[in-house]
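Asker: What follows is start_31.csv; its format and atoms are CSV, C-alpha atoms.
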chain,number,residue,atom,x,y,z
A,1,MET,CA,98.3,228.1,-20.7
A,2,LEU,CA,95.8,228.3,-17.8
A,3,ARG,CA,93.4,230.2,-19.9
A,4,LYS,CA,93.5,227.6,-22.7
A,5,PHE,CA,93.1,224.8,-20.1
A,6,LEU,CA,90.0,226.6,-18.7
A,7,ILE,CA,88.5,226.9,-22.2
A,8,VAL,CA,88.8,223.2,-22.7
A,9,ALA,CA,87.5,222.5,-19.2
A,10,SER,CA,84.3,224.4,-20.0
A,11,LEU,CA,83.6,221.8,-22.7
A,12,ALA,CA,83.7,219.0,-20.0
A,13,CYS,CA,80.6,217.1,-19.1
A,14,VAL,CA,79.0,218.6,-16.0
A,15,PRO,CA,77.9,215.6,-13.8
A,16,ALA,CA,74.2,214.9,-13.8
A,17,ILE,CA,73.4,214.9,-10.1
A,18,SER,CA,70.3,215.4,-8.0
A,19,ILE,CA,70.3,218.8,-6.3
A,20,ALA,CA,67.7,221.0,-4.7
A,21,GLN,CA,67.0,223.3,-7.6
A,22,SER,CA,64.0,223.9,-9.9
A,23,SER,CA,64.0,222.6,-13.5
A,24,ALA,CA,63.9,226.2,-14.6
A,25,ASP,CA,67.2,226.9,-12.9
A,26,SER,CA,68.7,223.8,-14.5
A,27,ILE,CA,67.6,224.8,-17.9
A,28,ALA,CA,69.0,228.3,-17.4
A,29,TYR,CA,72.4,227.0,-16.4
A,30,ARG,CA,72.5,224.7,-19.4
A,31,LYS,CA,71.5,227.6,-21.7
A,32,ALA,CA,74.3,229.7,-20.3
A,33,GLN,CA,76.8,226.8,-20.9
A,34,ILE,CA,75.8,226.5,-24.5
A,35,MET,CA,76.0,230.2,-25.1
A,36,VAL,CA,79.5,230.4,-23.7
A,37,ASN,CA,80.7,227.4,-25.7
A,38,ASP,CA,79.2,228.9,-28.9
A,39,GLY,CA,81.1,232.2,-28.4
A,40,ASN,CA,78.5,234.3,-26.7
A,41,ALA,CA,80.3,234.3,-23.4
A,42,THR,CA,79.2,237.7,-22.1
A,43,ALA,CA,75.5,236.8,-22.3
A,44,GLY,CA,76.0,233.3,-20.9
A,45,ARG,CA,77.9,234.6,-17.9
A,46,ALA,CA,75.3,237.3,-17.3
A,47,ILE,CA,72.6,234.6,-16.9
A,48,VAL,CA,74.7,232.9,-14.2
A,49,ASP,CA,75.3,236.2,-12.4
A,50,SER,CA,71.6,236.8,-12.3
A,51,MET,CA,71.0,233.3,-10.9
A,52,ILE,CA,73.5,233.9,-8.1
A,53,ALA,CA,72.0,237.3,-7.3
A,54,ARG,CA,68.6,235.7,-6.8
A,55,ALA,CA,69.9,232.9,-4.5
A,56,THR,CA,70.4,233.1,-0.7
A,57,PRO,CA,74.0,232.8,0.5
A,58,GLY,CA,74.5,229.5,2.4
A,59,THR,CA,71.9,227.6,0.5
A,60,PRO,CA,72.5,224.8,-2.0
A,61,ALA,CA,71.2,227.0,-4.8
A,62,TYR,CA,73.9,229.6,-4.0
A,63,ALA,CA,76.6,226.9,-4.2
A,64,GLU,CA,75.2,225.7,-7.5
A,65,GLY,CA,75.5,229.3,-8.8
A,66,LEU,CA,79.1,229.5,-7.7
A,67,TYR,CA,79.8,226.2,-9.4
A,68,TRP,CA,78.5,227.3,-12.8
A,69,ARG,CA,80.2,230.7,-12.5
A,70,ALA,CA,83.5,228.9,-12.0
A,71,VAL,CA,82.9,226.4,-14.9
A,72,LEU,CA,82.1,229.3,-17.3
A,73,SER,CA,84.6,231.7,-15.9
A,74,ALA,CA,86.8,233.7,-18.3
A,75,THR,CA,90.0,233.1,-16.3
A,76,ALA,CA,91.5,230.3,-14.3
A,77,ALA,CA,92.1,232.6,-11.3
A,78,ASP,CA,88.4,233.5,-11.1
A,79,ALA,CA,87.3,229.8,-11.5
A,80,GLU,CA,89.8,228.7,-8.8
A,81,MET,CA,88.4,231.3,-6.4
A,82,ASP,CA,84.9,230.0,-6.7
A,83,TYR,CA,86.0,226.4,-6.6
A,84,ARG,CA,87.9,226.9,-3.3
A,85,ARG,CA,84.9,228.8,-1.8
A,86,ILE,CA,82.6,225.8,-2.6
A,87,VAL,CA,85.1,223.3,-0.9
A,88,VAL,CA,85.4,225.5,2.2
A,89,ASP,CA,81.9,227.0,2.6
A,90,TYR,CA,79.8,224.3,1.1
A,91,PRO,CA,81.5,220.9,1.9
A,92,LEU,CA,78.2,219.0,1.7
A,93,SER,CA,77.4,220.3,-1.8
A,94,PRO,CA,77.0,217.4,-4.3
A,95,ARG,CA,79.4,219.4,-6.6
A,96,VAL,CA,82.4,219.0,-4.2
A,97,GLU,CA,83.6,215.9,-5.9
A,98,ASP,CA,83.7,217.5,-9.3
A,99,VAL,CA,85.2,220.7,-7.8
A,100,LEU,CA,88.1,218.8,-6.3
A,101,LEU,CA,88.8,217.1,-9.6
A,102,ARG,CA,88.8,220.5,-11.4
A,103,LEU,CA,91.1,222.0,-8.8
A,104,ALA,CA,93.5,219.1,-9.4
A,105,GLN,CA,93.4,219.7,-13.2
A,106,LEU,CA,94.2,223.4,-12.7
A,107,GLU,CA,97.2,222.5,-10.5
A,108,MET,CA,98.3,220.1,-13.1
A,109,ALA,CA,98.1,222.8,-15.8
A,110,ARG,CA,100.5,224.8,-13.6
A,111,ALA,CA,102.8,221.7,-13.2
A,112,ASP,CA,102.2,221.8,-9.4
A,113,TYR,CA,101.8,218.0,-9.2
A,114,ASP,CA,102.0,217.7,-5.4
A,115,ALA,CA,99.1,220.2,-5.0
A,116,ALA,CA,97.1,218.3,-7.7
A,117,LEU,CA,97.6,215.0,-5.8
A,118,GLN,CA,96.4,216.6,-2.5
A,119,HIS,CA,93.1,217.4,-4.2
A,120,LEU,CA,92.8,213.9,-5.8
A,121,ASN,CA,93.8,212.2,-2.5
A,122,ARG,CA,91.1,214.1,-0.7
A,123,LEU,CA,88.5,213.1,-3.3
A,124,THR,CA,89.4,209.4,-3.1
A,125,LEU,CA,89.4,209.4,0.7
A,126,GLU,CA,86.3,211.4,1.3
A,127,HIS,CA,84.3,210.1,-1.6
A,128,PRO,CA,85.5,206.5,-2.1
A,129,THR,CA,82.4,205.4,-4.0
A,130,GLY,CA,81.5,208.8,-5.6
A,131,ALA,CA,80.5,209.3,-9.2
A,132,THR,CA,83.9,210.8,-10.2
A,133,ARG,CA,86.0,208.2,-8.4
A,134,ALA,CA,87.0,206.4,-11.6
A,135,ARG,CA,87.9,209.6,-13.4
A,136,ALA,CA,89.8,210.8,-10.4
A,137,GLY,CA,91.9,207.6,-10.5
A,138,TYR,CA,92.7,208.3,-14.2
A,139,TRP,CA,93.9,211.8,-13.4
A,140,GLN,CA,95.8,210.6,-10.4
A,141,ALA,CA,97.6,208.2,-12.8
A,142,ARG,CA,98.4,211.0,-15.2
A,143,VAL,CA,99.9,213.2,-12.4
A,144,LEU,CA,102.0,210.3,-11.1
A,145,PHE,CA,103.3,209.6,-14.6
A,146,GLU,CA,104.4,213.3,-14.7
A,147,LYS,CA,106.2,212.7,-11.3
A,148,ASN,CA,107.8,209.6,-12.8
A,149,ASP,CA,106.3,207.4,-10.1
A,150,ILE,CA,105.5,204.7,-12.5
A,151,PRO,CA,104.5,201.8,-10.1
A,152,ARG,CA,101.9,203.9,-8.3
A,153,ALA,CA,100.7,205.5,-11.6
A,154,CYS,CA,100.0,202.1,-13.0
A,155,ALA,CA,98.3,201.0,-9.8
A,156,ALA,CA,96.0,204.1,-9.9
A,157,ASN,CA,95.3,203.4,-13.6
A,158,ALA,CA,94.4,199.8,-12.9
A,159,ASP,CA,92.1,200.9,-10.0
A,160,ALA,CA,90.4,203.5,-12.3
A,161,LEU,CA,89.6,200.8,-14.9
A,162,ALA,CA,88.1,198.5,-12.2
A,163,ARG,CA,85.8,201.3,-11.2
A,164,THR,CA,84.8,202.4,-14.7
A,165,SER,CA,81.4,201.4,-16.1
A,166,GLN,CA,81.4,199.2,-19.2
A,167,ASN,CA,79.2,201.8,-20.9
A,168,ASP,CA,81.8,204.6,-20.4
A,169,THR,CA,83.7,203.8,-23.6
A,170,GLU,CA,85.5,207.1,-23.7
A,171,LEU,CA,87.1,206.9,-20.3
A,172,ARG,CA,87.9,203.2,-20.7
A,173,ASN,CA,89.7,204.1,-24.0
A,174,GLN,CA,91.7,206.8,-22.3
A,175,ILE,CA,92.7,204.5,-19.5
A,176,ALA,CA,93.7,201.8,-21.9
A,177,TYR,CA,95.8,204.3,-23.9
A,178,LEU,CA,97.5,205.4,-20.7
A,179,ASN,CA,98.1,201.8,-19.7
A,180,GLN,CA,100.5,201.3,-22.6
A,181,ARG,CA,103.2,202.8,-20.3
A,182,CYS,CA,102.5,200.0,-17.7
A,183,VAL,CA,103.6,197.0,-19.8
A,184,GLY,CA,106.1,195.0,-17.8
A,185,VAL,CA,105.8,197.2,-14.7
A,186,VAL,CA,105.4,195.7,-11.3
A,187,ILE,CA,102.6,197.8,-9.9
A,188,ALA,CA,102.5,199.1,-6.3
A,189,GLN,CA,99.7,198.5,-3.8
A,190,THR,CA,96.7,200.7,-4.6
A,191,SER,CA,96.7,203.6,-2.0
A,192,PRO,CA,96.6,207.3,-1.9
A,193,ALA,CA,99.6,208.7,-3.8
A,194,PRO,CA,102.3,210.2,-1.6
A,195,THR,CA,103.0,213.9,-1.8
A,196,ASP,CA,106.2,214.1,0.3
A,197,SER,CA,109.6,212.6,0.5
A,198,THR,CA,108.7,210.2,3.3
A,199,ALA,CA,106.7,208.0,0.9
A,200,LYS,CA,107.8,204.4,0.7
A,201,THR,CA,110.1,203.8,-2.3
A,202,VAL,CA,109.2,201.0,-4.7
A,203,VAL,CA,112.2,199.6,-6.5
A,204,ILE,CA,111.6,198.7,-10.2
A,205,PRO,CA,114.0,197.7,-13.0
A,206,SER,CA,115.8,200.5,-14.7
A,207,THR,CA,113.8,199.7,-17.8
A,208,LEU,CA,110.1,199.1,-18.2
A,209,THR,CA,110.5,195.8,-20.0
A,210,PRO,CA,110.6,192.4,-18.2
A,211,ALA,CA,114.0,191.0,-17.4
A,212,PRO,CA,114.9,188.1,-19.7
A,213,ALA,CA,114.2,184.7,-18.2
A,214,PRO,CA,117.1,182.3,-17.7
A,215,PRO,CA,117.6,179.9,-20.5
A,216,PRO,CA,115.8,176.5,-20.0
A,217,ALA,CA,117.8,173.6,-18.7
A,218,PRO,CA,119.2,171.5,-21.6
A,219,VAL,CA,117.1,168.4,-22.3
A,220,PRO,CA,119.3,165.4,-22.2
A,221,ALA,CA,119.3,163.2,-25.3
A,222,PRO,CA,117.2,160.1,-24.8
A,223,SER,CA,119.1,156.8,-24.5
A,224,PRO,CA,118.6,154.4,-27.4
A,225,PRO,CA,116.2,151.6,-26.5
A,226,PRO,CA,118.0,148.3,-25.7
A,227,ALA,CA,118.4,145.9,-28.6
A,228,PRO,CA,115.9,143.1,-28.5
A,229,ALA,CA,117.1,139.7,-27.5
A,230,PRO,CA,118.0,137.4,-30.5
A,231,VAL,CA,115.4,134.9,-31.5
A,232,ALA,CA,116.9,131.4,-31.1
A,233,THR,CA,114.7,129.7,-33.7
A,234,LYS,CA,115.9,132.0,-36.6
A,235,ALA,CA,119.3,131.5,-38.2
A,236,SER,CA,119.6,135.1,-39.2
A,237,THR,CA,119.8,138.0,-36.8
A,238,VAL,CA,117.5,141.0,-37.5
A,239,SER,CA,119.5,144.2,-36.9
A,240,GLN,CA,117.8,146.8,-34.9
A,241,LYS,CA,118.5,150.5,-35.4
A,242,PRO,CA,118.4,152.6,-32.3
A,243,VAL,CA,115.4,154.9,-32.3
A,244,THR,CA,116.3,158.5,-31.4
A,245,LYS,CA,113.7,161.0,-30.3
A,246,THR,CA,114.1,164.6,-31.3
A,247,PRO,CA,113.7,166.8,-28.3
A,248,SER,CA,110.8,169.2,-28.5
A,249,ALA,CA,111.4,172.9,-28.7
A,250,PRO,CA,111.9,174.5,-25.4
A,251,ARG,CA,108.7,176.2,-24.0
A,252,ASP,CA,108.6,179.9,-24.2
A,253,MET,CA,109.7,181.1,-20.8
A,254,THR,CA,109.2,184.8,-21.3
A,255,PRO,CA,107.4,186.2,-18.3
A,256,SER,CA,104.0,187.6,-18.8
A,257,VAL,CA,103.1,191.1,-18.0
A,258,VAL,CA,102.8,191.5,-14.2
A,259,ASN,CA,99.9,193.9,-14.5
A,260,GLU,CA,97.1,191.4,-14.9
A,261,ASN,CA,94.3,194.0,-15.0
A,262,TYR,CA,94.8,194.6,-18.7
A,263,PRO,CA,95.6,192.6,-21.7
A,264,ASN,CA,98.7,193.6,-23.6
A,265,PRO,CA,97.7,196.6,-25.6
A,266,LYS,CA,97.2,196.1,-29.3
A,267,PRO,CA,98.0,198.7,-31.9
A,268,ALA,CA,95.1,201.2,-32.0
A,269,SER,CA,94.6,200.7,-35.7
A,270,ALA,CA,94.6,197.0,-35.7
A,271,SER,CA,91.4,195.1,-36.7
A,272,SER,CA,90.5,192.0,-38.5
A,273,THR,CA,89.7,194.0,-41.7
A,274,GLY,CA,92.6,196.4,-41.4
A,275,ASP,CA,90.2,199.4,-41.0
A,276,SER,CA,90.6,202.0,-38.2
A,277,TRP,CA,88.0,204.6,-37.2
A,278,SER,CA,88.3,208.1,-35.7
A,279,VAL,CA,86.0,210.9,-34.7
A,280,GLN,CA,86.6,214.1,-36.7
A,281,ILE,CA,85.9,217.3,-34.6
A,282,ALA,CA,86.7,220.1,-36.9
A,283,ALA,CA,88.6,221.2,-40.1
A,284,TYR,CA,90.6,224.4,-40.6
A,285,ASP,CA,92.2,226.3,-43.4
A,286,LYS,CA,95.1,227.2,-41.2
A,287,LYS,CA,97.2,224.5,-39.6
A,288,ALA,CA,97.9,226.7,-36.6
A,289,GLU,CA,94.2,226.8,-35.7
A,290,ALA,CA,94.0,223.0,-36.1
A,291,ASP,CA,97.1,222.5,-33.8
A,292,ALA,CA,95.5,224.8,-31.2
A,293,MET,CA,92.3,222.8,-31.1
A,294,ALA,CA,94.2,219.5,-31.0
A,295,ALA,CA,96.3,220.8,-28.1
A,296,LYS,CA,93.1,221.8,-26.1
A,297,LEU,CA,91.7,218.3,-26.6
A,298,LYS,CA,95.0,216.7,-25.5
A,299,LYS,CA,94.9,218.7,-22.3
A,300,LYS,CA,91.5,217.2,-21.7
A,301,GLY,CA,93.0,213.7,-22.1
A,302,TYR,CA,91.9,212.9,-25.7
A,303,GLU,CA,94.1,211.2,-28.2
A,304,ALA,CA,93.8,214.1,-30.6
A,305,ARG,CA,95.8,214.8,-33.7
A,306,VAL,CA,95.9,217.0,-36.9
A,307,SER,CA,95.4,215.1,-40.1
A,308,GLY,CA,96.4,216.3,-43.6
A,309,THR,CA,99.4,218.0,-45.1
A,310,SER,CA,97.4,220.7,-46.8
A,311,ALA,CA,94.1,222.5,-46.2
A,312,PRO,CA,91.7,221.5,-44.9
A,313,PHE,CA,93.6,220.5,-41.8
A,314,ARG,CA,91.3,218.0,-39.9
A,315,VAL,CA,91.3,217.6,-36.1
A,316,ARG,CA,90.5,214.0,-35.2
A,317,ILE,CA,90.3,211.9,-32.0
A,318,GLY,CA,91.4,208.3,-31.5
A,319,HIS,CA,91.9,205.2,-33.6
A,320,TYR,CA,89.2,202.6,-32.9
A,321,PRO,CA,89.1,199.1,-34.4
A,322,THR,CA,85.4,199.2,-35.1
A,323,GLN,CA,82.9,201.8,-36.3
A,324,ALA,CA,80.7,201.0,-33.3
A,325,GLN,CA,83.4,202.0,-30.8
A,326,ALA,CA,84.0,205.2,-32.7
A,327,SER,CA,80.3,206.0,-32.8
A,328,ALA,CA,80.1,205.4,-29.0
A,329,VAL,CA,82.9,208.0,-28.4
A,330,MET,CA,81.2,210.4,-30.8
A,331,ARG,CA,77.9,210.2,-28.8
A,332,SER,CA,79.9,210.8,-25.6
A,333,LEU,CA,81.5,213.9,-27.1
A,334,LYS,CA,78.2,215.2,-28.2
A,335,ALA,CA,76.9,215.0,-24.6
A,336,LYS,CA,79.8,217.4,-23.8
A,337,GLN,CA,78.8,219.8,-26.5
A,338,ILE,CA,81.7,218.7,-28.8
A,339,ASN,CA,80.2,217.8,-32.2
A,340,GLY,CA,81.9,215.4,-34.6
A,341,PHE,CA,81.4,212.6,-37.0
A,342,VAL,CA,82.9,209.2,-37.6
A,343,VAL,CA,85.5,208.7,-40.4
A,344,LYS,CA,87.8,206.0,-41.5
A,345,ALA,CA,91.2,206.8,-40.0
A,346,GLU,CA,93.0,205.3,-43.0
A,347,THR,CA,91.9,208.3,-45.0
A,348,GLU,CA,94.6,210.4,-43.4
Could you take the file, read its structure, and then write that structure out as structure tokens?
Answerer:
Amino acid sequence: MLRKFLIVASLACVPAISIAQSSADSIAYRKAQIMVNDGNATAGRAIVDSMIARATPGTPAYAEGLYWRAVLSATAADAEMDYRRIVVDYPLSPRVEDVLLRLAQLEMARADYDAALQHLNRLTLEHPTGATRARAGYWQARVLFEKNDIPRACAANADALARTSQNDTELRNQIAYLNQRCVGVVIAQTSPAPTDSTAKTVVIPSTLTPAPAPPPAPVPAPSPPPAPAPVATKASTVSQKPVTKTPSAPRDMTPSVVNENYPNPKPASASSTGDSWSVQIAAYDKKAEADAMAAKLKKKGYEARVSGTSAPFRVRIGHYPTQAQASAVMRSLKAKQINGFVVKAETE
């Protein structure tokens, strides 16, 4: 499982940051990444090894080489060794934020959720305004959901959305998808997630739906208006019928969702025209191969699925109400060397 997770992680977008390296070095590392992703792993890793051999230990260039060797490593164990070395020996490297996030993902793949939270908490405490802060909050929410700490998971997810740029459509969609588990949940104060038994317990209802509101108090029937005084000048008396007023329907007292950072999630396929759009990543003659690719993408946090009951079996991501949103996700995926194209999801 760790090897599969590492393969997916190699497809992740490496943060674009300013570091002390030549443009030639940057091009070389990108070339190595493309070669590994295209299946020519041996040659790609050889480029990285040569870059490390040329760098001086203790310099930013050497830390950058260790980072790329870990990203493109063949095994999770080798990657983790280089990641931990960067955290310990190069704490001022601009790659530390991303390294802590990747270490947390490796721990999560091993189902060691407490260890994953330790890395994520360190990232949020030491880099509160860093470039990976929003994504770290999203992963913190995923870990807390695995630990069944629903209030703090929803709090972390809400904080992640507040820190996410409007242009990061992919991450915002992932956060919104995860937030469906927060409907009706009273979220906790946003704080680093606890990793031990001394953490303060937050009591929530046994179910994740709001408790029904008490029925509204009965509206008393209005008294009929008093009969008008008889007119003395007329011989006949005009009879007056009492006017009764029909009480209005009681106002809906169902409590709204306590988590005010999100609207109630709508079905992913809903749109004014009934259309739904997805990004198709690949198609396979064998369903097992399509399932394997979908599993890799799900580990990365994508809403991936296999479409079709017979060959070709298509691997698709997401349901988006507009073609523009699906196109934005497609562009984001291409930036991570994941090619795809937009299709109508209704053509399942």
Asker: What is the atom CA of Ser276 of chain A-atom CA of Pro321 of chain A distance in Å, reported with one decimal?
Answerer: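 These atoms are spaced 5.0 Å apart.
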Asker: Pick out the residues sitting within 7 Å of Ala104 of chain A, and hand them over as a ChimeraX atom specification; count all atoms listed in the file, and ignore anything fewer than 6 positions along from it in its own chain.
Answerer: /A:116-117,119-120
Asker: Restricting the calculation to only C-alpha atoms: of A:Phe313, A:Ser23, A:Ala61, A:Cys154, which residue gets closest to Gly184 of chain A?
Answerer: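 Looking only at the distances to Gly184 of chain A, the closest residue turns out to be A:Cys154.
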Asker: For atom CA of Ala288 of chain A and atom CA of Val315 of chain A, quote the distance in Å rounded to one decimal.
Answerer: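 Interatomic distance, atom CA of Ala288 of chain A to atom CA of Val315 of chain A: 11.3 Å.
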Asker: Between atom CA of Leu144 of chain A and atom CA of Ala176 of chain A, what is the distance, to one decimal in Å?
Answerer: 16.1 Å
Asker: Using all atoms listed in the file, which of A:Met51, A:Gly39, A:Ile175, A:Leu106 sits nearest Asp78 of chain A?
Answerer: A:Leu106
Asker: Give me the residues near Ala295 of chain A as a list in words, where near means some atom within 10 Å (using only C-alpha atoms) and where sequence neighbours in that chain fewer than 2 positions away do not count.
Answerer: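 Answer for this query is Lys4, Phe5, Val8, Glu289, Ala290, Asp291, Ala292, Met293, Leu297, Lys298, Lys299, Lys300, Gly301, Tyr302, Glu303, Ala304, Arg305, Val306 and Val315 of chain A.
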Asker: Please save C-alpha atoms of the selected residues as a PDB file, in the frame of the given file.
Answerer:
ATOM      1  CA  LYS A   4      93.500 227.600 -22.700  1.00  0.00           C
ATOM      2  CA  PHE A   5      93.100 224.800 -20.100  1.00  0.00           C
ATOM      3  CA  VAL A   8      88.800 223.200 -22.700  1.00  0.00           C
ATOM      4  CA  GLU A 289      94.200 226.800 -35.700  1.00  0.00           C
ATOM      5  CA  ALA A 290      94.000 223.000 -36.100  1.00  0.00           C
ATOM      6  CA  ASP A 291      97.100 222.500 -33.800  1.00  0.00           C
ATOM      7  CA  ALA A 292      95.500 224.800 -31.200  1.00  0.00           C
ATOM      8  CA  MET A 293      92.300 222.800 -31.100  1.00  0.00           C
ATOM      9  CA  LEU A 297      91.700 218.300 -26.600  1.00  0.00           C
ATOM     10  CA  LYS A 298      95.000 216.700 -25.500  1.00  0.00           C
ATOM     11  CA  LYS A 299      94.900 218.700 -22.300  1.00  0.00           C
ATOM     12  CA  LYS A 300      91.500 217.200 -21.700  1.00  0.00           C
ATOM     13  CA  GLY A 301      93.000 213.700 -22.100  1.00  0.00           C
ATOM     14  CA  TYR A 302      91.900 212.900 -25.700  1.00  0.00           C
ATOM     15  CA  GLU A 303      94.100 211.200 -28.200  1.00  0.00           C
ATOM     16  CA  ALA A 304      93.800 214.100 -30.600  1.00  0.00           C
ATOM     17  CA  ARG A 305      95.800 214.800 -33.700  1.00  0.00           C
ATOM     18  CA  VAL A 306      95.900 217.000 -36.900  1.00  0.00           C
ATOM     19  CA  VAL A 315      91.300 217.600 -36.100  1.00  0.00           C
TER      20      VAL A 315
END
Asker: Which residues, written as an MDAnalysis selection string, have at least one atom at most 10 Å from Phe145 of chain A, with all atoms listed in the file counted and residues fewer than 5 positions away on the same chain left out?
Answerer: chainID A and resid 139:140 150:154 178 181
Asker: Which of these, A:Ser26, A:Asn157, A:Thr124, A:Asn37, has the shortest distance to Ile187 of chain A once you count all atoms listed in the file?
Answerer: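 For Ile187 of chain A, the nearest of the given residues is A:Asn157.
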Asker: Nearest to Trp68 of chain A: which of A:Pro91, A:Gly318, A:Arg30, A:Arg54 is it, counting all atoms listed in the file?
Answerer: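 Nearest to Trp68 of chain A: A:Arg30.
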Asker: Could you tell me which of A:Asp285, A:Ile27, A:Val279, A:Gly340 comes closest to Ala324 of chain A if we count only C-alpha atoms?
Answerer: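 Smallest distance to Ala324 of chain A is found for A:Val279.
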Asker: Up to 10 Å from (90.2, 211.1, -12.6) in the file's coordinates: name the residues, counting all atoms listed in the file, as a VMD selection string.
Answerer: chain A and resid 98 101 to 102 104 to 105 120 123 to 124 132 to 143 156 to 157 160 171 175
